[in-house]
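Shown next: protein34.cif, given as mmCIF, C-alpha atoms and all ligand atoms.
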```
data_run
loop_
_atom_site.group_PDB
_atom_site.id
_atom_site.type_symbol
_atom_site.label_atom_id
_atom_site.label_comp_id
_atom_site.auth_asym_id
_atom_site.auth_seq_id
_atom_site.Cartn_x
_atom_site.Cartn_y
_atom_site.Cartn_z
ATOM 1 C CA MET A 8 47.529 70.043 62.799
ATOM 2 C CA SER A 9 50.386 69.419 65.266
ATOM 3 C CA THR A 10 49.717 67.252 68.314
ATOM 4 C CA PHE A 11 52.495 68.944 70.272
ATOM 5 C CA GLY A 12 50.977 71.097 73.004
ATOM 6 C CA PRO A 13 53.724 72.207 75.394
ATOM 7 C CA ARG A 14 55.388 75.609 75.035
ATOM 8 C CA HIS A 15 58.591 74.283 76.641
ATOM 9 C CA LEU A 16 60.379 70.922 76.666
ATOM 10 C CA LEU A 17 61.239 70.398 80.318
ATOM 11 C CA GLY A 18 61.108 66.621 80.548
ATOM 12 C CA ILE A 19 59.520 63.520 79.077
ATOM 13 C CA GLU A 20 57.403 63.013 82.186
ATOM 14 C CA PRO A 21 54.979 65.832 81.259
ATOM 15 C CA LEU A 22 54.615 64.673 77.606
ATOM 16 C CA THR A 23 51.751 62.559 76.338
ATOM 17 C CA ARG A 24 52.320 59.510 74.179
ATOM 18 C CA ALA A 25 50.889 61.465 71.221
ATOM 19 C CA GLU A 26 53.355 64.308 71.797
ATOM 20 C CA ILE A 27 56.272 61.857 71.882
ATOM 21 C CA GLU A 28 54.980 60.283 68.659
ATOM 22 C CA THR A 29 54.804 63.736 67.039
ATOM 23 C CA VAL A 30 58.475 64.420 67.815
ATOM 24 C CA LEU A 31 59.531 60.973 66.554
ATOM 25 C CA GLU A 32 57.566 61.335 63.341
ATOM 26 C CA LEU A 33 58.913 64.801 62.568
ATOM 27 C CA SER A 34 62.459 63.598 63.327
ATOM 28 C CA GLY A 35 62.129 61.153 60.433
ATOM 29 C CA ARG A 36 61.639 64.034 58.015
ATOM 30 C CA PHE A 37 64.755 65.766 59.300
ATOM 31 C CA LEU A 38 66.803 62.582 59.053
ATOM 32 C CA GLU A 39 66.125 62.726 55.347
ATOM 33 C CA ILE A 40 67.172 66.389 55.148
ATOM 34 C CA ASN A 41 70.423 65.547 56.961
ATOM 35 C CA GLU A 42 71.288 63.057 54.194
ATOM 36 C CA ARG A 43 71.015 65.692 51.450
ATOM 37 C CA PRO A 44 74.103 67.311 49.897
ATOM 38 C CA ILE A 45 72.749 70.687 51.063
ATOM 39 C CA LYS A 46 71.436 70.174 54.563
ATOM 40 C CA LYS A 47 69.706 73.458 55.172
ATOM 41 C CA VAL A 48 66.033 74.429 55.067
ATOM 42 C CA PRO A 49 64.513 77.871 55.664
ATOM 43 C CA THR A 50 62.008 76.675 58.285
ATOM 44 C CA LEU A 51 63.246 78.809 61.183
ATOM 45 C CA ARG A 52 64.684 81.771 59.250
ATOM 46 C CA GLY A 53 64.612 84.832 61.494
ATOM 47 C CA LYS A 54 64.420 82.787 64.700
ATOM 48 C CA THR A 55 67.114 82.850 67.388
ATOM 49 C CA VAL A 56 68.231 79.938 69.561
ATOM 50 C CA ILE A 57 70.493 80.533 72.578
ATOM 51 C CA ASN A 58 72.365 77.544 74.011
ATOM 52 C CA LEU A 59 73.092 78.318 77.652
ATOM 53 C CA PHE A 60 75.275 75.471 78.899
ATOM 54 C CA LEU A 61 76.464 75.790 82.483
ATOM 55 C CA GLU A 62 77.689 72.163 82.654
ATOM 56 C CA PRO A 63 80.073 70.394 80.230
ATOM 57 C CA SER A 64 78.646 69.076 76.966
ATOM 58 C CA THR A 65 79.925 67.855 73.614
ATOM 59 C CA ARG A 66 77.084 66.117 71.772
ATOM 60 C CA THR A 67 74.056 67.975 73.086
ATOM 61 C CA ARG A 68 75.394 71.497 72.653
ATOM 62 C CA THR A 69 76.873 70.862 69.207
ATOM 63 C CA SER A 70 73.742 69.075 68.135
ATOM 64 C CA PHE A 71 71.440 71.933 69.169
ATOM 65 C CA GLU A 72 73.716 74.411 67.409
ATOM 66 C CA ILE A 73 73.809 72.437 64.170
ATOM 67 C CA ALA A 74 70.064 71.753 64.443
ATOM 68 C CA ALA A 75 69.325 75.476 64.688
ATOM 69 C CA LYS A 76 71.669 76.299 61.800
ATOM 70 C CA ARG A 77 70.251 73.610 59.509
ATOM 71 C CA LEU A 78 66.844 75.179 60.079
ATOM 72 C CA SER A 79 68.326 78.614 59.205
ATOM 73 C CA ALA A 80 67.901 79.982 62.738
ATOM 74 C CA ASP A 81 70.655 82.035 64.355
ATOM 75 C CA ALA A 82 72.416 80.057 67.092
ATOM 76 C CA ILE A 83 74.365 81.615 69.943
ATOM 77 C CA ASN A 84 76.352 79.531 72.428
ATOM 78 C CA ILE A 85 77.169 80.502 75.976
ATOM 79 C CA SER A 86 79.115 78.206 78.260
ATOM 80 C CA GLY A 87 79.691 78.378 81.991
ATOM 81 C CA SER A 88 83.317 79.413 81.764
ATOM 82 C CA THR A 89 82.603 82.336 79.415
ATOM 83 C CA SER A 90 79.405 83.603 81.015
ATOM 84 C CA SER A 91 78.918 86.182 83.750
ATOM 85 C CA THR A 92 77.807 83.405 86.108
ATOM 86 C CA THR A 93 81.563 83.173 86.859
ATOM 87 C CA LYS A 94 81.283 86.819 88.077
ATOM 88 C CA GLY A 95 78.536 85.917 90.491
ATOM 89 C CA GLU A 96 75.466 86.576 88.341
ATOM 90 C CA THR A 97 72.569 84.220 89.103
ATOM 91 C CA LEU A 98 71.180 81.848 86.501
ATOM 92 C CA LEU A 99 67.916 83.763 86.528
ATOM 93 C CA ASP A 100 69.590 87.147 85.970
ATOM 94 C CA THR A 101 71.731 85.721 83.163
ATOM 95 C CA ALA A 102 68.701 84.157 81.512
ATOM 96 C CA ARG A 103 66.518 87.263 81.920
ATOM 97 C CA ASN A 104 69.193 89.400 80.283
ATOM 98 C CA LEU A 105 69.424 86.961 77.385
ATOM 99 C CA ASP A 106 65.637 86.909 77.153
ATOM 100 C CA ALA A 107 65.638 90.695 76.829
ATOM 101 C CA MET A 108 67.310 90.173 73.421
ATOM 102 C CA SER A 109 64.184 88.308 72.244
ATOM 103 C CA PRO A 110 65.449 84.820 71.479
ATOM 104 C CA ASP A 111 62.774 82.327 70.456
ATOM 105 C CA VAL A 112 64.298 79.351 72.275
ATOM 106 C CA VAL A 113 66.718 79.085 75.207
ATOM 107 C CA VAL A 114 68.322 75.657 75.577
ATOM 108 C CA VAL A 115 69.660 75.301 79.101
ATOM 109 C CA ARG A 116 71.906 72.807 80.851
ATOM 110 C CA HIS A 117 72.481 73.251 84.569
ATOM 111 C CA ALA A 118 73.671 71.164 87.518
ATOM 112 C CA GLN A 119 70.516 71.908 89.519
ATOM 113 C CA ALA A 120 67.408 69.774 89.064
ATOM 114 C CA GLY A 121 64.497 72.086 88.220
ATOM 115 C CA ALA A 122 66.653 74.832 86.677
ATOM 116 C CA ALA A 123 64.922 74.677 83.275
ATOM 117 C CA GLU A 124 61.478 74.633 84.835
ATOM 118 C CA MET A 125 62.316 77.636 86.976
ATOM 119 C CA LEU A 126 63.320 79.568 83.842
ATOM 120 C CA ALA A 127 60.305 78.407 81.868
ATOM 121 C CA GLY A 128 58.016 80.249 84.252
ATOM 122 C CA ARG A 129 59.981 83.462 83.923
ATOM 123 C CA LEU A 130 61.163 83.866 80.315
ATOM 124 C CA ARG A 131 59.260 84.828 77.168
ATOM 125 C CA ALA A 132 61.359 82.383 75.121
ATOM 126 C CA ALA A 133 60.548 78.688 74.914
ATOM 127 C CA VAL A 134 62.857 76.737 77.226
ATOM 128 C CA VAL A 135 64.424 73.371 76.420
ATOM 129 C CA ASN A 136 65.926 71.334 79.232
ATOM 130 C CA ALA A 137 69.265 70.005 77.973
ATOM 131 C CA GLY A 138 69.929 68.278 81.304
ATOM 132 C CA ASP A 139 69.105 69.502 84.826
ATOM 133 C CA GLY A 140 71.182 67.729 87.450
ATOM 134 C CA ALA A 141 70.051 64.143 87.957
ATOM 135 C CA HIS A 142 66.463 64.978 86.987
ATOM 136 C CA GLU A 143 65.780 64.760 83.222
ATOM 137 C CA HIS A 144 67.479 65.019 79.840
ATOM 138 C CA PRO A 145 64.442 64.812 77.566
ATOM 139 C CA THR A 146 66.164 65.112 74.192
ATOM 140 C CA GLN A 147 68.502 62.251 75.128
ATOM 141 C CA GLY A 148 65.517 60.103 76.077
ATOM 142 C CA LEU A 149 63.751 60.981 72.833
ATOM 143 C CA LEU A 150 66.788 60.201 70.688
ATOM 144 C CA ASP A 151 67.275 56.887 72.472
ATOM 145 C CA ILE A 152 63.664 55.973 71.736
ATOM 146 C CA LEU A 153 63.994 57.133 68.123
ATOM 147 C CA THR A 154 67.078 54.933 67.756
ATOM 148 C CA ILE A 155 65.303 51.887 69.200
ATOM 149 C CA ARG A 156 62.380 52.409 66.859
ATOM 150 C CA ARG A 157 64.575 52.850 63.803
ATOM 151 C CA ARG A 158 66.754 49.813 64.581
ATOM 152 C CA LEU A 159 64.109 47.413 65.907
ATOM 153 C CA GLY A 160 60.983 48.757 64.195
ATOM 154 C CA ARG A 161 58.986 49.283 67.398
ATOM 155 C CA VAL A 162 59.171 50.168 71.070
ATOM 156 C CA GLU A 163 55.911 48.688 72.355
ATOM 157 C CA GLY A 164 56.438 45.276 73.959
ATOM 158 C CA LEU A 165 60.235 45.463 74.051
ATOM 159 C CA THR A 166 62.247 44.938 77.217
ATOM 160 C CA VAL A 167 64.848 47.638 77.802
ATOM 161 C CA GLY A 168 67.582 47.298 80.428
ATOM 162 C CA LEU A 169 69.016 50.532 81.817
ATOM 163 C CA VAL A 170 72.338 49.585 83.360
ATOM 164 C CA GLY A 171 74.589 51.451 85.751
ATOM 165 C CA ASP A 172 74.276 54.622 87.771
ATOM 166 C CA ILE A 173 70.504 54.943 87.858
ATOM 167 C CA ALA A 174 70.567 57.123 90.978
ATOM 168 C CA HIS A 175 72.465 60.022 89.422
ATOM 169 C CA SER A 176 71.438 59.666 85.789
ATOM 170 C CA ARG A 177 69.010 62.118 84.195
ATOM 171 C CA VAL A 178 69.176 59.930 81.090
ATOM 172 C CA ALA A 179 67.720 57.037 83.111
ATOM 173 C CA ARG A 180 64.730 59.087 84.257
ATOM 174 C CA SER A 181 63.941 60.430 80.774
ATOM 175 C CA ASN A 182 64.272 56.923 79.291
ATOM 176 C CA ILE A 183 61.988 55.458 81.932
ATOM 177 C CA HIS A 184 59.208 57.994 81.367
ATOM 178 C CA GLY A 185 59.368 57.765 77.585
ATOM 179 C CA LEU A 186 59.732 54.011 77.272
ATOM 180 C CA LEU A 187 56.890 53.275 79.692
ATOM 181 C CA LYS A 188 54.597 55.722 77.883
ATOM 182 C CA LEU A 189 55.310 53.909 74.618
ATOM 183 C CA GLY A 190 54.568 50.493 76.104
ATOM 184 C CA ALA A 191 58.058 49.055 76.697
ATOM 185 C CA ARG A 192 59.077 47.135 79.829
ATOM 186 C CA VAL A 193 61.971 48.730 81.682
ATOM 187 C CA ILE A 194 64.448 46.971 83.964
ATOM 188 C CA VAL A 195 66.891 49.151 85.877
ATOM 189 C CA CYS A 196 70.039 47.329 86.911
ATOM 190 C CA GLY A 197 73.067 48.407 88.918
ATOM 191 C CA PRO A 198 74.772 48.057 92.277
ATOM 192 C CA PRO A 199 72.260 48.600 95.119
ATOM 193 C CA THR A 200 74.013 51.865 96.067
ATOM 194 C CA LEU A 201 73.381 53.246 92.559
ATOM 195 C CA VAL A 202 69.744 52.183 92.238
ATOM 196 C CA PRO A 203 67.374 54.077 94.531
ATOM 197 C CA ALA A 204 64.668 51.692 95.842
ATOM 198 C CA PRO A 205 61.731 54.138 95.310
ATOM 199 C CA ILE A 206 62.412 54.084 91.564
ATOM 200 C CA GLU A 207 60.248 50.947 91.447
ATOM 201 C CA ARG A 208 57.236 53.214 91.963
ATOM 202 C CA LEU A 209 57.741 54.589 88.454
ATOM 203 C CA GLY A 210 56.730 51.169 87.142
ATOM 204 C CA VAL A 211 60.135 49.642 86.430
ATOM 205 C CA GLU A 212 61.625 46.326 87.532
ATOM 206 C CA VAL A 213 64.726 46.628 89.714
ATOM 207 C CA ALA A 214 67.648 44.194 89.406
ATOM 208 C CA HIS A 215 71.183 44.075 90.711
ATOM 209 C CA ARG A 216 72.695 41.284 88.612
ATOM 210 C CA LEU A 217 73.120 42.093 84.941
ATOM 211 C CA ASP A 218 73.749 38.471 83.989
ATOM 212 C CA ASP A 219 70.307 37.519 85.326
ATOM 213 C CA ILE A 220 68.348 40.054 83.283
ATOM 214 C CA LEU A 221 70.458 40.281 80.124
ATOM 215 C CA PRO A 222 68.868 37.286 78.322
ATOM 216 C CA ARG A 223 65.459 39.023 78.556
ATOM 217 C CA CYS A 224 66.590 42.385 77.155
ATOM 218 C CA ASP A 225 65.946 43.520 73.587
ATOM 219 C CA VAL A 226 67.874 46.715 74.295
ATOM 220 C CA VAL A 227 70.583 47.517 76.810
ATOM 221 C CA ASN A 228 71.325 51.171 77.511
ATOM 222 C CA VAL A 229 74.599 51.459 79.445
ATOM 223 C CA LEU A 230 74.870 54.567 81.561
ATOM 224 C CA ARG A 231 78.064 56.289 82.631
ATOM 225 C CA ILE A 232 78.902 56.472 86.314
ATOM 226 C CA GLN A 233 78.103 60.083 87.132
ATOM 227 C CA PHE A 234 81.136 60.800 89.317
ATOM 228 C CA GLU A 235 80.369 64.514 89.161
ATOM 229 C CA ARG A 236 77.141 63.956 91.101
ATOM 230 C CA GLN A 237 78.294 61.189 93.488
ATOM 231 C CA ARG A 238 79.795 61.008 96.887
ATOM 232 C CA ASN A 239 82.735 58.590 97.228
ATOM 233 C CA GLY A 240 82.516 54.930 98.132
ATOM 234 C CA LEU A 241 79.270 53.909 96.415
ATOM 235 C CA PHE A 242 80.957 50.814 94.965
ATOM 236 C CA PRO A 243 84.252 49.093 95.757
ATOM 237 C CA SER A 244 86.254 49.840 92.587
ATOM 238 C CA ILE A 245 85.933 50.655 88.888
ATOM 239 C CA HIS A 246 87.480 47.273 88.142
ATOM 240 C CA GLU A 247 84.808 45.412 90.100
ATOM 241 C CA TYR A 248 82.071 47.559 88.560
ATOM 242 C CA ALA A 249 83.355 46.706 85.067
ATOM 243 C CA LEU A 250 83.422 43.002 85.940
ATOM 244 C CA LEU A 251 79.814 42.970 87.164
ATOM 245 C CA PHE A 252 78.145 45.584 84.963
ATOM 246 C CA GLY A 253 80.452 46.277 82.013
ATOM 247 C CA MET A 254 79.290 45.096 78.591
ATOM 248 C CA ASP A 255 82.008 42.977 77.033
ATOM 249 C CA SER A 256 81.947 40.386 74.247
ATOM 250 C CA ALA A 257 81.535 37.424 76.612
ATOM 251 C CA ARG A 258 78.531 38.994 78.284
ATOM 252 C CA LEU A 259 77.054 40.107 74.970
ATOM 253 C CA SER A 260 77.248 36.536 73.674
ATOM 254 C CA ARG A 261 74.766 35.550 76.399
ATOM 255 C CA ALA A 262 72.252 38.223 75.324
ATOM 256 C CA LYS A 263 69.575 37.889 72.629
ATOM 257 C CA PRO A 264 71.258 37.499 69.209
ATOM 258 C CA ASP A 265 69.909 40.821 67.928
ATOM 259 C CA VAL A 266 70.234 42.781 71.189
ATOM 260 C CA LEU A 267 70.700 46.519 70.642
ATOM 261 C CA LEU A 268 73.323 48.385 72.655
ATOM 262 C CA LEU A 269 72.852 52.081 73.427
ATOM 263 C CA ALA A 270 75.020 54.493 75.413
ATOM 264 C CA PRO A 271 74.299 58.194 75.803
ATOM 265 C CA GLY A 272 77.962 59.222 75.750
ATOM 266 C CA PRO A 273 80.481 60.132 76.819
ATOM 267 C CA ILE A 274 81.514 56.499 77.183
ATOM 268 C CA ASN A 275 84.364 55.307 79.342
ATOM 269 C CA ARG A 276 85.856 52.494 77.292
ATOM 270 C CA GLY A 277 86.633 49.522 79.487
ATOM 271 C CA VAL A 278 84.276 50.627 82.267
ATOM 272 C CA GLU A 279 80.611 50.489 81.199
ATOM 273 C CA VAL A 280 81.443 49.072 77.760
ATOM 274 C CA THR A 281 84.528 47.555 76.145
ATOM 275 C CA PRO A 282 85.867 48.970 72.860
ATOM 276 C CA GLU A 283 84.937 45.880 70.812
ATOM 277 C CA VAL A 284 81.321 46.106 71.978
ATOM 278 C CA ALA A 285 81.107 49.902 71.633
ATOM 279 C CA ASP A 286 82.372 49.650 68.053
ATOM 280 C CA GLY A 287 80.676 46.340 67.224
ATOM 281 C CA PRO A 288 77.555 45.489 65.203
ATOM 282 C CA HIS A 289 75.124 45.594 68.140
ATOM 283 C CA SER A 290 76.102 49.136 69.034
ATOM 284 C CA ALA A 291 73.990 52.094 67.900
ATOM 285 C CA ILE A 292 76.112 54.684 69.686
ATOM 286 C CA LEU A 293 76.938 56.829 66.657
ATOM 287 C CA GLN A 294 73.501 56.341 65.163
ATOM 288 C CA GLN A 295 72.134 57.813 68.403
ATOM 289 C CA VAL A 296 74.139 60.964 67.702
ATOM 290 C CA SER A 297 72.842 61.275 64.122
ATOM 291 C CA ASN A 298 69.291 60.620 65.260
ATOM 292 C CA GLY A 299 69.720 63.160 68.042
ATOM 293 C CA LEU A 300 70.472 65.914 65.559
ATOM 294 C CA ALA A 301 67.306 65.230 63.554
ATOM 295 C CA MET A 302 65.255 64.952 66.722
ATOM 296 C CA ARG A 303 66.543 68.294 68.032
ATOM 297 C CA MET A 304 65.633 69.898 64.700
ATOM 298 C CA ALA A 305 62.129 68.530 65.245
ATOM 299 C CA VAL A 306 61.993 69.888 68.796
ATOM 300 C CA LEU A 307 63.148 73.365 67.735
ATOM 301 C CA GLN A 308 60.605 73.463 64.960
ATOM 302 C CA LEU A 309 57.758 72.328 67.193
ATOM 303 C CA LEU A 310 58.613 74.866 69.882
ATOM 304 C CA CYS A 311 58.872 77.647 67.336
ATOM 305 C CA GLY A 312 55.289 76.880 66.401
ATOM 306 C CA ARG A 313 55.582 75.557 62.864
ATOM 307 C CA THR A 314 53.946 72.363 61.763
ATOM 308 C CA GLY A 315 55.702 71.148 58.612
ATOM 309 C CA ALA A 316 59.324 70.978 57.447
ATOM 310 C CA GLU A 317 59.655 73.399 54.546
ATOM 311 C CA GLU A 318 61.543 72.003 51.603
HETATM 312 N N1 LIG B 401 75.626 63.242 78.247
HETATM 313 C C1 LIG B 401 74.655 62.697 79.166
HETATM 314 C C2 LIG B 401 74.245 63.728 80.195
HETATM 315 O O1 LIG B 401 74.615 64.883 80.089
HETATM 316 C C3 LIG B 401 75.112 61.423 79.786
HETATM 317 C C4 LIG B 401 76.359 61.500 80.619
HETATM 318 O O2 LIG B 401 76.940 62.575 80.824
HETATM 319 O O3 LIG B 401 76.750 60.438 81.095
HETATM 320 O O4 LIG B 401 73.529 63.396 81.113
#
```

Please express what this file holds, its structure, as structure tokens.
Amino acid sequence: MSTFGPRHLLGIEPLTRAEIETVLELSGRFLEINERPIKKVPTLRGKTVINLFLEPSTRTRTSFEIAAKRLSADAINISGSTSSTTKGETLLDTARNLDAMSPDVVVVRHAQAGAAEMLAGRLRAAVVNAGDGAHEHPTQGLLDILTIRRRLGRVEGLTVGLVGDIAHSRVARSNIHGLLKLGARVIVCGPPTLVPAPIERLGVEVAHRLDDILPRCDVVNVLRIQFERQRNGLFPSIHEYALLFGMDSARLSRAKPDVLLLAPGPINRGVEVTPEVADGPHSAILQQVSNGLAMRMAVLQLLCGRTGAEE
């Protein structure tokens, strides 16, 4: 019996701890399938997944496409530049027309917070939020948590630092909701202009000096500066940002010896993380991508209403 209730995946905030655990557990089974020489199972044969991406994406879109294909579903990709939204069609009209072709899942990325939720109330297909503005990016949060659990064996009781542009990061919000539900402590850290004060109400600690909090962190998740969602002048310069908040070898040497470094990608080498740290032994950046594929297979299966991975 599956403990996954929701018909859509709109965020981590609405999920229960048990629902998060269900996704994580099922992801483990797909990780194994992704190691096989033939990485395809018939679980979602006859199902259709539409990826409707109206903002740039590399990892998330590719990962949902491969996830659908490995489950034997048909996957169709639509991006902003090739869709009729460039001709003036609204998101809702585009999505309703796609829904009229009876897909089972629509995965949507959009610059507007609430876009996925708006569609979820109006489409017959299950809707997955693949990032809505600065609001949530639930599959990124889930894959980050899966990666922490696989590398460190647990999430409960750990201290996780989210570093950088908290104000504009949907990854930050999904991490916060998921990590707190699973019993981690969360510290958000960045320049005051990039950390909104009310975020404390979510139950996180707020800090502005990375060097002060780093020795307490078991995990550091470095977030990209979301220039596409920012007005100018929120911090003096990229160089100063890198000096104060960038993860480099010197800073890492002052962290716990087994600290885990995460980054959702894309990374800007030399800004939020230096190349030697991004490619070093503490980094789980590529493991996050592999875990993300398995986790998205789990999400597609759960939303399509099946309970077990067919062999
Ligand atoms: N890929 C993530 C997102 O779409 C993180 C980022 O872009 O910095 O939110």

Practice item. Extract, using all atoms listed in the file, all DNA, RNA and protein residues at most 6 Å from region 114-117 of chain A, discarding same-chain residues fewer than 4 positions from it, and format them as a ChimeraX atom specification. Key: /A:58-62,134-139

Next, the residues of the selection above should be written as a CSV table (one decimal), in the coordinates of the input with C-alpha atoms.
```csv
chain,number,residue,atom,x,y,z
A,58,ASN,CA,72.4,77.5,74.0
A,59,LEU,CA,73.1,78.3,77.7
A,60,PHE,CA,75.3,75.5,78.9
A,61,LEU,CA,76.5,75.8,82.5
A,62,GLU,CA,77.7,72.2,82.7
A,134,VAL,CA,62.9,76.7,77.2
A,135,VAL,CA,64.4,73.4,76.4
A,136,ASN,CA,65.9,71.3,79.2
A,137,ALA,CA,69.3,70.0,78.0
A,138,GLY,CA,69.9,68.3,81.3
A,139,ASP,CA,69.1,69.5,84.8
```

Exercise for review: Mind giving me the straight-line distance from CA of Val170 (chain A) to CA of Arg158 (chain A) in Å, one decimal?
Suggested key: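 Computed distance, CA of Val170 (chain A) to CA of Arg158 (chain A), equals 19.6 Å.
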
Review point. Got a sec to check which residues lie within 7 Å of ligand LIG 401 (chain B), using all atoms listed in the file, and send them as a PyMOL selection string?
Key: chain A and resi 64+138+144+176-178+230-233+271-273

Check your understanding: Using all atoms listed in the file, which residues sit within 12 Å of region 247-254 of chain A once same-chain residues fewer than 6 positions away are excluded, as JSON, numbers by chain?
Key -> {"A": [168, 169, 170, 171, 172, 195, 196, 197, 198, 199, 200, 201, 214, 215, 216, 217, 218, 219, 220, 221, 227, 228, 229, 230, 231, 232, 241, 260, 261, 262, 266, 267, 268, 269, 270, 274, 275, 276, 277, 278, 279, 280, 281, 282, 283, 284, 285, 286, 287, 289, 290]}

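Note that the spacing between CA of Asp100 (chain A) and CA of Pro13 (chain A) amounts to 24.2 Å.
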